[in-house]
>>> print(open('protein-v1.cif').read())   # mmCIF, C-alpha atoms; chains and numbers go by the auth columns
data_model
loop_
_atom_site.group_PDB
_atom_site.id
_atom_site.type_symbol
_atom_site.label_atom_id
_atom_site.label_comp_id
_atom_site.label_asym_id
_atom_site.label_seq_id
_atom_site.Cartn_x
_atom_site.Cartn_y
_atom_site.Cartn_z
_atom_site.B_iso_or_equiv
_atom_site.auth_seq_id
_atom_site.auth_asym_id
ATOM 1 C CA MET A 1 5.213 0.956 36.742 0.00 18 Y
ATOM 2 C CA SER A 2 4.089 -2.216 34.985 0.00 19 Y
ATOM 3 C CA ASN A 3 0.535 -0.874 34.897 0.00 20 Y
ATOM 4 C CA LEU A 4 1.688 2.081 32.770 0.00 21 Y
ATOM 5 C CA LEU A 5 3.409 -0.169 30.254 0.00 22 Y
ATOM 6 C CA GLU A 6 0.457 -2.480 29.843 0.00 23 Y
ATOM 7 C CA ASN A 7 -2.279 0.172 29.652 0.00 24 Y
ATOM 8 C CA PRO A 8 -1.291 3.185 27.578 0.00 25 Y
ATOM 9 C CA ILE A 9 -2.782 6.501 28.494 0.00 26 Y
ATOM 10 C CA LEU A 10 -5.501 7.611 26.083 0.00 27 Y
ATOM 11 C CA ARG A 11 -5.328 11.239 25.108 0.00 28 Y
ATOM 12 C CA PRO A 12 -8.380 12.254 23.079 0.00 29 Y
ATOM 13 C CA HIS A 13 -6.977 15.627 21.943 0.00 30 Y
ATOM 14 C CA GLU A 14 -3.910 14.079 20.259 0.00 31 Y
ATOM 15 C CA ILE A 15 -4.004 12.540 16.806 0.00 32 Y
ATOM 16 C CA THR A 16 -1.708 9.604 16.254 0.00 33 Y
ATOM 17 C CA LYS A 17 -0.005 9.270 12.902 0.00 34 Y
ATOM 18 C CA SER A 18 0.770 6.001 11.232 0.00 35 Y
ATOM 19 C CA LYS A 19 4.431 5.324 10.468 0.00 36 Y
ATOM 20 C CA HIS A 20 3.591 3.503 7.227 0.00 37 Y
ATOM 21 C CA LYS A 21 1.394 5.241 4.708 0.00 38 Y
ATOM 22 C CA GLU A 22 -0.978 3.407 2.423 0.00 39 Y
ATOM 23 C CA PRO A 23 0.058 3.642 -1.225 0.00 40 Y
ATOM 24 C CA LYS A 24 -2.003 6.180 -3.128 0.00 41 Y
ATOM 25 C CA THR A 25 -3.910 5.223 -6.242 0.00 42 Y
ATOM 26 C CA SER A 26 -1.799 7.549 -8.375 0.00 43 Y
ATOM 27 C CA SER A 27 1.454 5.937 -7.243 0.00 44 Y
ATOM 28 C CA ILE A 28 0.024 2.481 -7.956 0.00 45 Y
ATOM 29 C CA LEU A 29 -1.039 3.587 -11.431 0.00 46 Y
ATOM 30 C CA LEU A 30 2.336 5.200 -12.158 0.00 47 Y
ATOM 31 C CA THR A 31 4.179 2.082 -11.031 0.00 48 Y
ATOM 32 C CA SER A 32 1.943 -0.117 -13.183 0.00 49 Y
ATOM 33 C CA LEU A 33 2.475 2.187 -16.155 0.00 50 Y
ATOM 34 C CA ALA A 34 6.262 2.119 -15.673 0.00 51 Y
ATOM 35 C CA ILE A 35 6.297 -1.684 -15.514 0.00 52 Y
ATOM 36 C CA THR A 36 4.098 -1.937 -18.610 0.00 53 Y
ATOM 37 C CA MET A 37 6.298 0.483 -20.554 0.00 54 Y
ATOM 38 C CA ALA A 38 9.430 -1.442 -19.530 0.00 55 Y
ATOM 39 C CA ILE A 39 7.890 -4.709 -20.749 0.00 56 Y
ATOM 40 C CA ILE A 40 6.867 -3.130 -24.067 0.00 57 Y
ATOM 41 C CA LEU A 41 10.354 -1.682 -24.585 0.00 58 Y
ATOM 42 C CA LEU A 42 11.962 -5.047 -23.842 0.00 59 Y
ATOM 43 C CA MET A 43 9.637 -6.755 -26.321 0.00 60 Y
ATOM 44 C CA TYR A 44 10.421 -4.235 -29.071 0.00 61 Y
ATOM 45 C CA SER A 45 14.150 -4.482 -28.457 0.00 62 Y
ATOM 46 C CA GLY A 46 13.935 -8.292 -28.591 0.00 63 Y
ATOM 47 C CA ILE A 47 12.018 -8.181 -31.852 0.00 64 Y
ATOM 48 C CA TRP A 48 14.451 -5.648 -33.306 0.00 65 Y
ATOM 49 C CA TYR A 49 17.456 -7.765 -32.266 0.00 66 Y
ATOM 50 C CA SER A 50 16.058 -11.026 -33.636 0.00 67 Y
ATOM 51 C CA GLU A 51 15.008 -9.325 -36.878 0.00 68 Y
ATOM 52 C CA GLY A 52 18.569 -8.055 -37.347 0.00 69 Y
ATOM 53 C CA ILE A 53 19.979 -11.534 -36.807 0.00 70 Y
ATOM 54 C CA MET A 54 17.532 -13.026 -39.301 0.00 71 Y
ATOM 55 C CA LYS A 55 18.455 -10.427 -41.933 0.00 72 Y
ATOM 56 C CA GLN A 56 22.147 -11.083 -41.341 0.00 73 Y
ATOM 57 C CA TYR A 57 21.623 -14.855 -41.687 0.00 74 Y
ATOM 58 C CA SER A 58 19.553 -14.364 -44.827 0.00 75 Y
ATOM 59 C CA ALA A 59 22.222 -12.152 -46.426 0.00 76 Y
ATOM 60 C CA CYS A 60 24.944 -14.691 -45.593 0.00 77 Y
ATOM 61 C CA ARG A 61 22.871 -17.558 -46.981 0.00 78 Y
ATOM 62 C CA ASP A 62 22.029 -15.653 -50.170 0.00 79 Y
ATOM 63 C CA LYS A 63 25.713 -14.899 -50.725 0.00 80 Y
ATOM 64 C CA ILE A 64 26.706 -18.566 -50.339 0.00 81 Y
ATOM 65 C CA ILE A 65 23.883 -19.730 -52.617 0.00 82 Y
ATOM 66 C CA GLY A 66 25.113 -17.215 -55.200 0.00 83 Y
ATOM 67 C CA PHE A 67 28.606 -18.691 -54.960 0.00 84 Y
ATOM 68 C CA GLU A 68 27.143 -22.172 -55.406 0.00 85 Y
ATOM 69 C CA GLN A 69 25.322 -21.103 -58.550 0.00 86 Y
ATOM 70 C CA ARG A 70 28.612 -19.810 -59.965 0.00 87 Y
ATOM 71 C CA GLY A 71 30.199 -23.207 -59.344 0.00 88 Y
ATOM 72 C CA PHE A 72 32.547 -22.376 -56.454 0.00 89 Y
ATOM 73 C CA TYR A 73 31.579 -25.483 -54.463 0.00 90 Y
ATOM 74 C CA GLU A 74 32.490 -28.867 -55.863 0.00 91 Y
ATOM 75 C CA SER A 75 30.396 -31.026 -53.519 0.00 92 Y
ATOM 76 C CA PRO A 76 27.257 -30.739 -51.364 0.00 93 Y
ATOM 77 C CA GLU A 77 29.423 -31.186 -48.253 0.00 94 Y
ATOM 78 C CA GLN A 78 31.329 -27.995 -49.054 0.00 95 Y
ATOM 79 C CA LEU A 79 28.037 -26.145 -49.475 0.00 96 Y
ATOM 80 C CA ARG A 80 26.736 -27.473 -46.127 0.00 97 Y
ATOM 81 C CA LEU A 81 29.991 -26.458 -44.458 0.00 98 Y
ATOM 82 C CA ALA A 82 29.738 -22.965 -45.907 0.00 99 Y
ATOM 83 C CA LEU A 83 26.080 -22.668 -44.805 0.00 100 Y
ATOM 84 C CA SER A 84 27.026 -23.802 -41.291 0.00 101 Y
ATOM 85 C CA PHE A 85 29.357 -20.795 -41.177 0.00 102 Y
ATOM 86 C CA CYS A 86 26.251 -18.541 -41.327 0.00 103 Y
ATOM 87 C CA ASN A 87 24.876 -20.240 -38.198 0.00 104 Y
ATOM 88 C CA THR A 88 27.976 -19.371 -36.162 0.00 105 Y
ATOM 89 C CA LYS A 89 27.800 -15.638 -36.796 0.00 106 Y
#
>>> encode(input="protein-v1.cif", output="structure tokens")
Amino acid sequence: MSNLLENPILRPHEITKSKHKEPKTSSILLTSLAITMAIILLMYSGIWYSEGIMKQYSACRDKIIGFEQRGFYESPEQLRLALSFCNTK
């Protein structure tokens, strides 16, 4: 019995199939393309988000500078305080 377990019987007319298949070139290319597209989309969304924040900050700053030119702020400290409000948004 132990001889059968140690030495498997060779059957030349049977073809053995592997349980794990090798990845095909097309699946590797599709996976690489999907990863690349995901990275590009993340980069564009990051740029779009940061551009929106910069425009919002710029609009806030321009509004406060306009108020300063009209004389709404009596001291530079009040202006700095108002400009710090734009940073918190």
>>> residues_around(input="protein-v1.cif", residues="segment 101-103 of chain Y", least_positions_apart="6", cutoff="7 Å", atoms="only C-alpha atoms", output="PDB file with C-alpha atoms, keeping the file's coordinate frame")
ATOM      1  CA  TYR Y  74      21.623 -14.855 -41.687  1.00  0.00           C
ATOM      2  CA  CYS Y  77      24.944 -14.691 -45.593  1.00  0.00           C
ATOM      3  CA  ARG Y  78      22.871 -17.558 -46.981  1.00  0.00           C
TER       4      ARG Y  78
END
>>> atom_distance(input="protein-v1.cif", atom1="atom CA of Leu96 of chain Y", atom2="atom CA of Tyr66 of chain Y")
27.3 Å
>>> atom_distance(input="protein-v1.cif", atom1="atom CA of Ser92 of chain Y", atom2="atom CA of Gln73 of chain Y")
24.8 Å
>>> atom_distance(input="protein-v1.cif", atom1="atom CA of Gly63 of chain Y", atom2="atom CA of Thr105 of chain Y")
19.4 Å
>>> axis_aligned_box(input="protein-v1.cif", around="segment 80-89 of chain Y", padding_each_side="3 Å", output="AutoDock Vina command-line options")
--center_x 28.2 --center_y -19.1 --center_z -55.2 --size_x 14.7 --size_y 14.3 --size_z 15.6
>>> closest_residue(input="protein-v1.cif", among="Y:Ala51, Y:Leu100, Y:Ile70, Y:Ile57", to="Phe84 of chain Y", atoms="all atoms listed in the file")
Y:Leu100
>>> build_atoms(input="protein-v1.cif", residues="segment 48-60 of chain Y", atoms="N, CA, C and O atoms", output="short mmCIF file (atom, residue, chain, number, x, y, z; two decimals), keeping the file's coordinate frame")
data_model
loop_
_atom_site.label_atom_id
_atom_site.label_comp_id
_atom_site.auth_asym_id
_atom_site.auth_seq_id
_atom_site.Cartn_x
_atom_site.Cartn_y
_atom_site.Cartn_z
N THR Y 48 3.31 3.26 -11.09
CA THR Y 48 4.18 2.08 -11.03
C THR Y 48 3.75 1.05 -12.07
O THR Y 48 4.59 0.48 -12.77
N SER Y 49 2.45 0.83 -12.18
CA SER Y 49 1.94 -0.12 -13.18
C SER Y 49 2.28 0.35 -14.60
O SER Y 49 2.67 -0.45 -15.45
N LEU Y 50 2.15 1.63 -14.85
CA LEU Y 50 2.48 2.19 -16.16
C LEU Y 50 3.97 2.02 -16.46
O LEU Y 50 4.34 1.65 -17.58
N ALA Y 51 4.81 2.27 -15.47
CA ALA Y 51 6.26 2.12 -15.67
C ALA Y 51 6.63 0.67 -15.97
O ALA Y 51 7.44 0.40 -16.87
N ILE Y 52 6.03 -0.26 -15.27
CA ILE Y 52 6.30 -1.68 -15.51
C ILE Y 52 5.82 -2.09 -16.90
O ILE Y 52 6.52 -2.79 -17.64
N THR Y 53 4.63 -1.63 -17.29
CA THR Y 53 4.10 -1.94 -18.61
C THR Y 53 4.98 -1.37 -19.71
O THR Y 53 5.28 -2.06 -20.70
N MET Y 54 5.42 -0.13 -19.55
CA MET Y 54 6.30 0.48 -20.55
C MET Y 54 7.63 -0.26 -20.65
O MET Y 54 8.17 -0.44 -21.75
N ALA Y 55 8.17 -0.69 -19.53
CA ALA Y 55 9.43 -1.44 -19.53
C ALA Y 55 9.26 -2.77 -20.28
O ALA Y 55 10.13 -3.15 -21.07
N ILE Y 56 8.14 -3.44 -20.06
CA ILE Y 56 7.89 -4.71 -20.75
C ILE Y 56 7.76 -4.48 -22.25
O ILE Y 56 8.32 -5.23 -23.07
N ILE Y 57 7.04 -3.43 -22.65
CA ILE Y 57 6.87 -3.13 -24.07
C ILE Y 57 8.20 -2.80 -24.71
O ILE Y 57 8.51 -3.28 -25.81
N LEU Y 58 9.03 -2.01 -24.04
CA LEU Y 58 10.35 -1.68 -24.58
C LEU Y 58 11.24 -2.92 -24.73
O LEU Y 58 11.97 -3.06 -25.71
N LEU Y 59 11.18 -3.81 -23.75
CA LEU Y 59 11.96 -5.05 -23.84
C LEU Y 59 11.48 -5.91 -25.00
O LEU Y 59 12.29 -6.53 -25.70
N MET Y 60 10.16 -5.97 -25.20
CA MET Y 60 9.64 -6.76 -26.32
C MET Y 60 10.08 -6.18 -27.66
O MET Y 60 10.52 -6.91 -28.54
#
